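Participant: My structure is below; once you've seen it, I'll send some questions.
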Amino acid sequence: MYTFRERCEEVPDLPLNDGTSKIFLNMTSHNGRPELISLLQYMKETTLDNSNITVQDDRILDLDRIVQDVKQSEEWEAVKMNILEIGIEQGMQKGEDRLAELLQFLKNAGRDEDADRAIFDVQYREQLYQEYETRSQTRR
């Protein structure tokens, strides 16, 4: 567990004193209080069938009941489907953007035949993506 509080960058001894803290929890660590480790392990898999959960007190048991109720609700199914649809939509947009960048790169380089072939030949297109991404990284 790592706790951070706001401070002024120009005057390091001047804290913000707004009462806020940021806490970062390392979900892979097994160091610290057993109840916190058990909670983090539960959060990773949302099941009590995890051998790394050594403390199953009332708080974790209550949390598990709530999680199981939510997982079985129709609203949760709708939320999951909405998240899935958004993810698919974003993935499609990234794919379209990637292809457009590749085709623009090929067009600017006068490689119209490569652009035509990339439309139909998936393996060749992947080779061109690697070439384009390698050249883009060397220009940065």
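The way I read the labels, and the way they are meant: chains A, B, ... in the order of the structure tokens, residue 1 as the first residue of every chain, and ligand 1 as the first ligand shown, with later ones counted on from there.
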For Val67 of chain A, list every protein, DNA or RNA residue within 12 Å, evaluated using only C-alpha atoms, and leave out those in the same chain fewer than 5 positions away; present the list as a compact mmCIF listing (two decimals) with N, CA, C and O atoms, in the first residue's frame.

Facilitator:
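The resulting selection_30.txt:
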# COMPACT_ATOMS: atom_id res chain seq x y z
N TYR A 42 -9.39 -11.16 -3.42
CA TYR A 42 -10.81 -11.32 -3.78
C TYR A 42 -11.15 -10.41 -4.96
O TYR A 42 -11.83 -10.82 -5.91
N MET A 43 -10.67 -9.19 -4.92
CA MET A 43 -10.98 -8.23 -5.99
C MET A 43 -10.40 -8.68 -7.32
O MET A 43 -10.96 -8.38 -8.37
N GLU A 45 -10.23 -11.76 -8.50
CA GLU A 45 -10.98 -12.86 -9.13
C GLU A 45 -12.47 -12.87 -8.76
O GLU A 45 -13.22 -13.66 -9.31
N THR A 46 -12.86 -12.04 -7.82
CA THR A 46 -14.24 -11.96 -7.29
C THR A 46 -14.84 -13.34 -7.02
O THR A 46 -15.97 -13.63 -7.37
N THR A 47 -14.04 -14.16 -6.36
CA THR A 47 -14.53 -15.46 -5.89
C THR A 47 -13.78 -15.81 -4.62
O THR A 47 -12.60 -15.45 -4.46
N LEU A 48 -14.45 -16.50 -3.72
CA LEU A 48 -13.81 -16.94 -2.48
C LEU A 48 -12.99 -18.21 -2.69
O LEU A 48 -12.30 -18.66 -1.77
N ILE A 60 -15.59 -9.56 4.01
CA ILE A 60 -15.38 -10.22 2.70
C ILE A 60 -16.58 -11.09 2.35
O ILE A 60 -16.99 -11.13 1.19
N LEU A 61 -17.16 -11.76 3.33
CA LEU A 61 -18.33 -12.59 3.06
C LEU A 61 -19.51 -11.73 2.60
O LEU A 61 -20.22 -12.10 1.66
N ASP A 62 -19.70 -10.56 3.25
CA ASP A 62 -20.76 -9.63 2.81
C ASP A 62 -20.48 -9.12 1.41
O ASP A 62 -21.39 -9.04 0.57
N GLN A 72 -25.77 -11.75 -10.81
CA GLN A 72 -26.96 -12.48 -11.26
C GLN A 72 -28.10 -11.55 -11.68
O GLN A 72 -29.10 -12.01 -12.20
N SER A 73 -27.93 -10.25 -11.50
CA SER A 73 -29.02 -9.31 -11.82
C SER A 73 -29.07 -9.02 -13.32
O SER A 73 -28.07 -9.10 -14.03
N TRP A 76 -26.89 -5.99 -14.36
CA TRP A 76 -25.48 -6.29 -14.58
C TRP A 76 -25.27 -6.85 -15.97
O TRP A 76 -24.31 -6.51 -16.64

Participant: Could you pull out all residues of segment 11-56 of chain A with a DSSP call of helix (DSSP H, G or I) and give them as a PyMOL selection string?

Facilitator: chain A and resi 34-45

Participant: Ile37 of chain A: which residues within 12 Å, counting only C-alpha atoms, same-chain residues fewer than 3 positions away excluded, as a PDB file with C-alpha atoms, in the first residue's frame?

Facilitator:
ATOM      1  CA  MET A   1       0.000   0.000   0.000  1.00  0.00           C
ATOM      2  CA  LEU A  25      -2.599  -0.905  -3.711  1.00  0.00           C
ATOM      3  CA  ASN A  26      -0.325  -3.512  -5.250  1.00  0.00           C
ATOM      4  CA  MET A  27      -2.649  -6.402  -6.083  1.00  0.00           C
ATOM      5  CA  THR A  28       0.241  -8.782  -6.733  1.00  0.00           C
ATOM      6  CA  SER A  29       1.963  -8.267  -3.391  1.00  0.00           C
ATOM      7  CA  HIS A  30       1.481 -10.679  -0.530  1.00  0.00           C
ATOM      8  CA  ASN A  31       3.049  -8.315   2.024  1.00  0.00           C
ATOM      9  CA  GLY A  32       0.975  -6.391   4.520  1.00  0.00           C
ATOM     10  CA  ARG A  33      -2.065  -6.982   6.679  1.00  0.00           C
ATOM     11  CA  PRO A  34      -3.701 -10.358   5.932  1.00  0.00           C
ATOM     12  CA  LEU A  40      -7.114  -7.542  -2.912  1.00  0.00           C
ATOM     13  CA  GLN A  41      -7.007 -11.220  -3.850  1.00  0.00           C
ATOM     14  CA  TYR A  42     -10.809 -11.317  -3.781  1.00  0.00           C
ATOM     15  CA  MET A  43     -10.975  -8.227  -5.985  1.00  0.00           C
ATOM     16  CA  LYS A  44      -8.689  -9.883  -8.573  1.00  0.00           C
ATOM     17  CA  ASN A  50      -8.895 -18.380  -4.156  1.00  0.00           C
ATOM     18  CA  SER A  51      -6.284 -20.020  -1.901  1.00  0.00           C
ATOM     19  CA  ASN A  52      -4.620 -16.613  -1.387  1.00  0.00           C
ATOM     20  CA  ILE A  53      -7.662 -15.406   0.565  1.00  0.00           C
ATOM     21  CA  THR A  54      -6.560 -16.306   4.073  1.00  0.00           C
ATOM     22  CA  VAL A  55      -9.028 -14.079   5.946  1.00  0.00           C
ATOM     23  CA  GLN A  56     -12.714 -14.660   5.243  1.00  0.00           C
ATOM     24  CA  ILE A  60     -15.382 -10.219   2.703  1.00  0.00           C
TER      25      ILE A  60
END

Participant: Residues of chain A classed as strand (DSSP E or B) by DSSP on the backbone are to be reported as a PyMOL selection string.

Facilitator: chain A and resi 2-5+7+15+21-24

Participant: Just the selected residues (all heavy atoms), exported as a PDB file, in the first residue's frame, please.

Facilitator:
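And here is the file that came out, result17.pdb:
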ATOM      1  N   TYR A   2       0.625   2.150  -0.909  1.00  0.00           N
ATOM      2  CA  TYR A   2       1.402   3.377  -1.022  1.00  0.00           C
ATOM      3  C   TYR A   2       0.446   4.560  -0.925  1.00  0.00           C
ATOM      4  O   TYR A   2      -0.510   4.649  -1.683  1.00  0.00           O
ATOM      5  CB  TYR A   2       2.154   3.426  -2.358  1.00  0.00           C
ATOM      6  CG  TYR A   2       3.045   2.217  -2.561  1.00  0.00           C
ATOM      7  CD1 TYR A   2       2.578   1.101  -3.245  1.00  0.00           C
ATOM      8  CD2 TYR A   2       4.333   2.193  -2.048  1.00  0.00           C
ATOM      9  CE1 TYR A   2       3.385  -0.019  -3.422  1.00  0.00           C
ATOM     10  CE2 TYR A   2       5.147   1.088  -2.220  1.00  0.00           C
ATOM     11  CZ  TYR A   2       4.663  -0.021  -2.911  1.00  0.00           C
ATOM     12  OH  TYR A   2       5.469  -1.110  -3.082  1.00  0.00           O
ATOM     13  N   THR A   3       0.723   5.481   0.006  1.00  0.00           N
ATOM     14  CA  THR A   3      -0.152   6.631   0.236  1.00  0.00           C
ATOM     15  C   THR A   3       0.554   7.901  -0.208  1.00  0.00           C
ATOM     16  O   THR A   3       1.707   8.133   0.166  1.00  0.00           O
ATOM     17  CB  THR A   3      -0.525   6.736   1.734  1.00  0.00           C
ATOM     18  OG1 THR A   3      -1.093   5.503   2.158  1.00  0.00           O
ATOM     19  CG2 THR A   3      -1.528   7.856   1.966  1.00  0.00           C
ATOM     20  N   PHE A   4      -0.136   8.725  -0.993  1.00  0.00           N
ATOM     21  CA  PHE A   4       0.401   9.995  -1.467  1.00  0.00           C
ATOM     22  C   PHE A   4      -0.537  11.116  -1.048  1.00  0.00           C
ATOM     23  O   PHE A   4      -1.759  10.961  -1.046  1.00  0.00           O
ATOM     24  CB  PHE A   4       0.529   9.996  -3.002  1.00  0.00           C
ATOM     25  CG  PHE A   4       1.549   9.027  -3.512  1.00  0.00           C
ATOM     26  CD1 PHE A   4       1.222   7.703  -3.746  1.00  0.00           C
ATOM     27  CD2 PHE A   4       2.843   9.454  -3.774  1.00  0.00           C
ATOM     28  CE1 PHE A   4       2.154   6.809  -4.217  1.00  0.00           C
ATOM     29  CE2 PHE A   4       3.787   8.560  -4.253  1.00  0.00           C
ATOM     30  CZ  PHE A   4       3.444   7.232  -4.473  1.00  0.00           C
ATOM     31  N   ARG A   5       0.033  12.255  -0.700  1.00  0.00           N
ATOM     32  CA  ARG A   5      -0.754  13.441  -0.357  1.00  0.00           C
ATOM     33  C   ARG A   5      -0.259  14.607  -1.222  1.00  0.00           C
ATOM     34  O   ARG A   5       0.908  14.642  -1.612  1.00  0.00           O
ATOM     35  CB  ARG A   5      -0.618  13.752   1.121  1.00  0.00           C
ATOM     36  CG  ARG A   5      -1.283  12.689   1.970  1.00  0.00           C
ATOM     37  CD  ARG A   5      -1.298  13.051   3.449  1.00  0.00           C
ATOM     38  NE  ARG A   5      -2.033  12.063   4.203  1.00  0.00           N
ATOM     39  CZ  ARG A   5      -1.543  10.877   4.580  1.00  0.00           C
ATOM     40  NH1 ARG A   5      -0.317  10.555   4.253  1.00  0.00           N
ATOM     41  NH2 ARG A   5      -2.264  10.034   5.277  1.00  0.00           N
ATOM     42  N   ARG A   7       1.145  18.118  -2.423  1.00  0.00           N
ATOM     43  CA  ARG A   7       2.118  19.111  -1.949  1.00  0.00           C
ATOM     44  C   ARG A   7       2.358  20.126  -3.070  1.00  0.00           C
ATOM     45  O   ARG A   7       2.222  19.818  -4.232  1.00  0.00           O
ATOM     46  CB  ARG A   7       3.450  18.470  -1.602  1.00  0.00           C
ATOM     47  CG  ARG A   7       3.405  17.484  -0.493  1.00  0.00           C
ATOM     48  CD  ARG A   7       4.801  17.330   0.133  1.00  0.00           C
ATOM     49  NE  ARG A   7       4.681  16.670   1.404  1.00  0.00           N
ATOM     50  CZ  ARG A   7       4.374  17.273   2.551  1.00  0.00           C
ATOM     51  NH1 ARG A   7       4.172  18.555   2.582  1.00  0.00           N
ATOM     52  NH2 ARG A   7       4.288  16.594   3.670  1.00  0.00           N
ATOM     53  N   PRO A  15       2.097  21.723   2.292  1.00  0.00           N
ATOM     54  CA  PRO A  15       1.099  20.725   1.886  1.00  0.00           C
ATOM     55  C   PRO A  15      -0.202  21.412   1.493  1.00  0.00           C
ATOM     56  O   PRO A  15      -0.493  22.518   1.929  1.00  0.00           O
ATOM     57  CB  PRO A  15       0.919  19.884   3.154  1.00  0.00           C
ATOM     58  CG  PRO A  15       1.256  20.809   4.269  1.00  0.00           C
ATOM     59  CD  PRO A  15       2.293  21.765   3.729  1.00  0.00           C
ATOM     60  N   SER A  21      -6.119  12.063   0.056  1.00  0.00           N
ATOM     61  CA  SER A  21      -4.961  11.203  -0.112  1.00  0.00           C
ATOM     62  C   SER A  21      -5.229  10.284  -1.282  1.00  0.00           C
ATOM     63  O   SER A  21      -6.377   9.980  -1.585  1.00  0.00           O
ATOM     64  CB  SER A  21      -4.720  10.347   1.134  1.00  0.00           C
ATOM     65  OG  SER A  21      -4.450  11.146   2.245  1.00  0.00           O
ATOM     66  N   LYS A  22      -4.174   9.867  -1.938  1.00  0.00           N
ATOM     67  CA  LYS A  22      -4.285   8.850  -2.981  1.00  0.00           C
ATOM     68  C   LYS A  22      -3.602   7.607  -2.451  1.00  0.00           C
ATOM     69  O   LYS A  22      -2.458   7.659  -2.007  1.00  0.00           O
ATOM     70  CB  LYS A  22      -3.610   9.311  -4.268  1.00  0.00           C
ATOM     71  CG  LYS A  22      -4.291  10.480  -4.927  1.00  0.00           C
ATOM     72  CD  LYS A  22      -3.570  10.856  -6.205  1.00  0.00           C
ATOM     73  CE  LYS A  22      -4.254  12.008  -6.863  1.00  0.00           C
ATOM     74  NZ  LYS A  22      -3.677  13.291  -6.529  1.00  0.00           N
ATOM     75  N   ILE A  23      -4.303   6.484  -2.505  1.00  0.00           N
ATOM     76  CA  ILE A  23      -3.741   5.231  -2.024  1.00  0.00           C
ATOM     77  C   ILE A  23      -3.659   4.273  -3.193  1.00  0.00           C
ATOM     78  O   ILE A  23      -4.646   4.029  -3.885  1.00  0.00           O
ATOM     79  CB  ILE A  23      -4.610   4.637  -0.894  1.00  0.00           C
ATOM     80  CG1 ILE A  23      -4.644   5.603   0.289  1.00  0.00           C
ATOM     81  CG2 ILE A  23      -4.076   3.280  -0.479  1.00  0.00           C
ATOM     82  CD1 ILE A  23      -5.565   5.183   1.405  1.00  0.00           C
ATOM     83  N   PHE A  24      -2.467   3.753  -3.432  1.00  0.00           N
ATOM     84  CA  PHE A  24      -2.243   2.773  -4.484  1.00  0.00           C
ATOM     85  C   PHE A  24      -2.002   1.431  -3.816  1.00  0.00           C
ATOM     86  O   PHE A  24      -1.172   1.326  -2.908  1.00  0.00           O
ATOM     87  CB  PHE A  24      -1.037   3.165  -5.350  1.00  0.00           C
ATOM     88  CG  PHE A  24      -1.263   4.416  -6.139  1.00  0.00           C
ATOM     89  CD1 PHE A  24      -1.028   5.662  -5.583  1.00  0.00           C
ATOM     90  CD2 PHE A  24      -1.723   4.346  -7.446  1.00  0.00           C
ATOM     91  CE1 PHE A  24      -1.245   6.816  -6.306  1.00  0.00           C
ATOM     92  CE2 PHE A  24      -1.932   5.490  -8.178  1.00  0.00           C
ATOM     93  CZ  PHE A  24      -1.705   6.730  -7.612  1.00  0.00           C
TER      94      PHE A  24
END

Participant: With only C-alpha atoms counted and 10 Å as the cut-off, give the residues of segment 34-109 of chain A in contact with segment 124-135 of chain A, each with its shortest interatomic distance in Å and the pair that gives it, as CSV.

Facilitator:
residue,atom,partner,partner_atom,distance
A:Arg98,CA,A:Tyr129,CA,8.4
A:Leu99,CA,A:Tyr129,CA,8.4
A:Glu101,CA,A:Tyr132,CA,8.8
A:Leu102,CA,A:Tyr129,CA,6.7
A:Leu103,CA,A:Leu128,CA,9.6
A:Phe105,CA,A:Tyr132,CA,7.4
A:Leu106,CA,A:Tyr132,CA,8.7

Participant: Between atom CA of Asp18 of chain A and atom CA of Arg59 of chain A, what is the distance in Å, rounded to a tenth?

Facilitator: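 Atom-to-atom, atom CA of Asp18 of chain A and atom CA of Arg59 of chain A are spaced 29.3 Å apart.
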
Participant: Have a look at atom CA of Gly91 of chain A and atom CA of Phe120 of chain A and let me know their distance in Å, one decimal.

Facilitator: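 That distance, rounded to one decimal, is 20.2 Å.
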
Participant: Go through A:Glu35, A:Asp112, A:Asp121, A:Asp97 and flag the residue nearest Asp57 of chain A, using only C-alpha atoms for the distances.

Facilitator: A:Glu35

Participant: Hey, can you check how far atom CA of Thr138 of chain A sits from atom CA of Asn108 of chain A?

Facilitator: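 Between atom CA of Thr138 of chain A and atom CA of Asn108 of chain A the gap works out to 17.6 Å.
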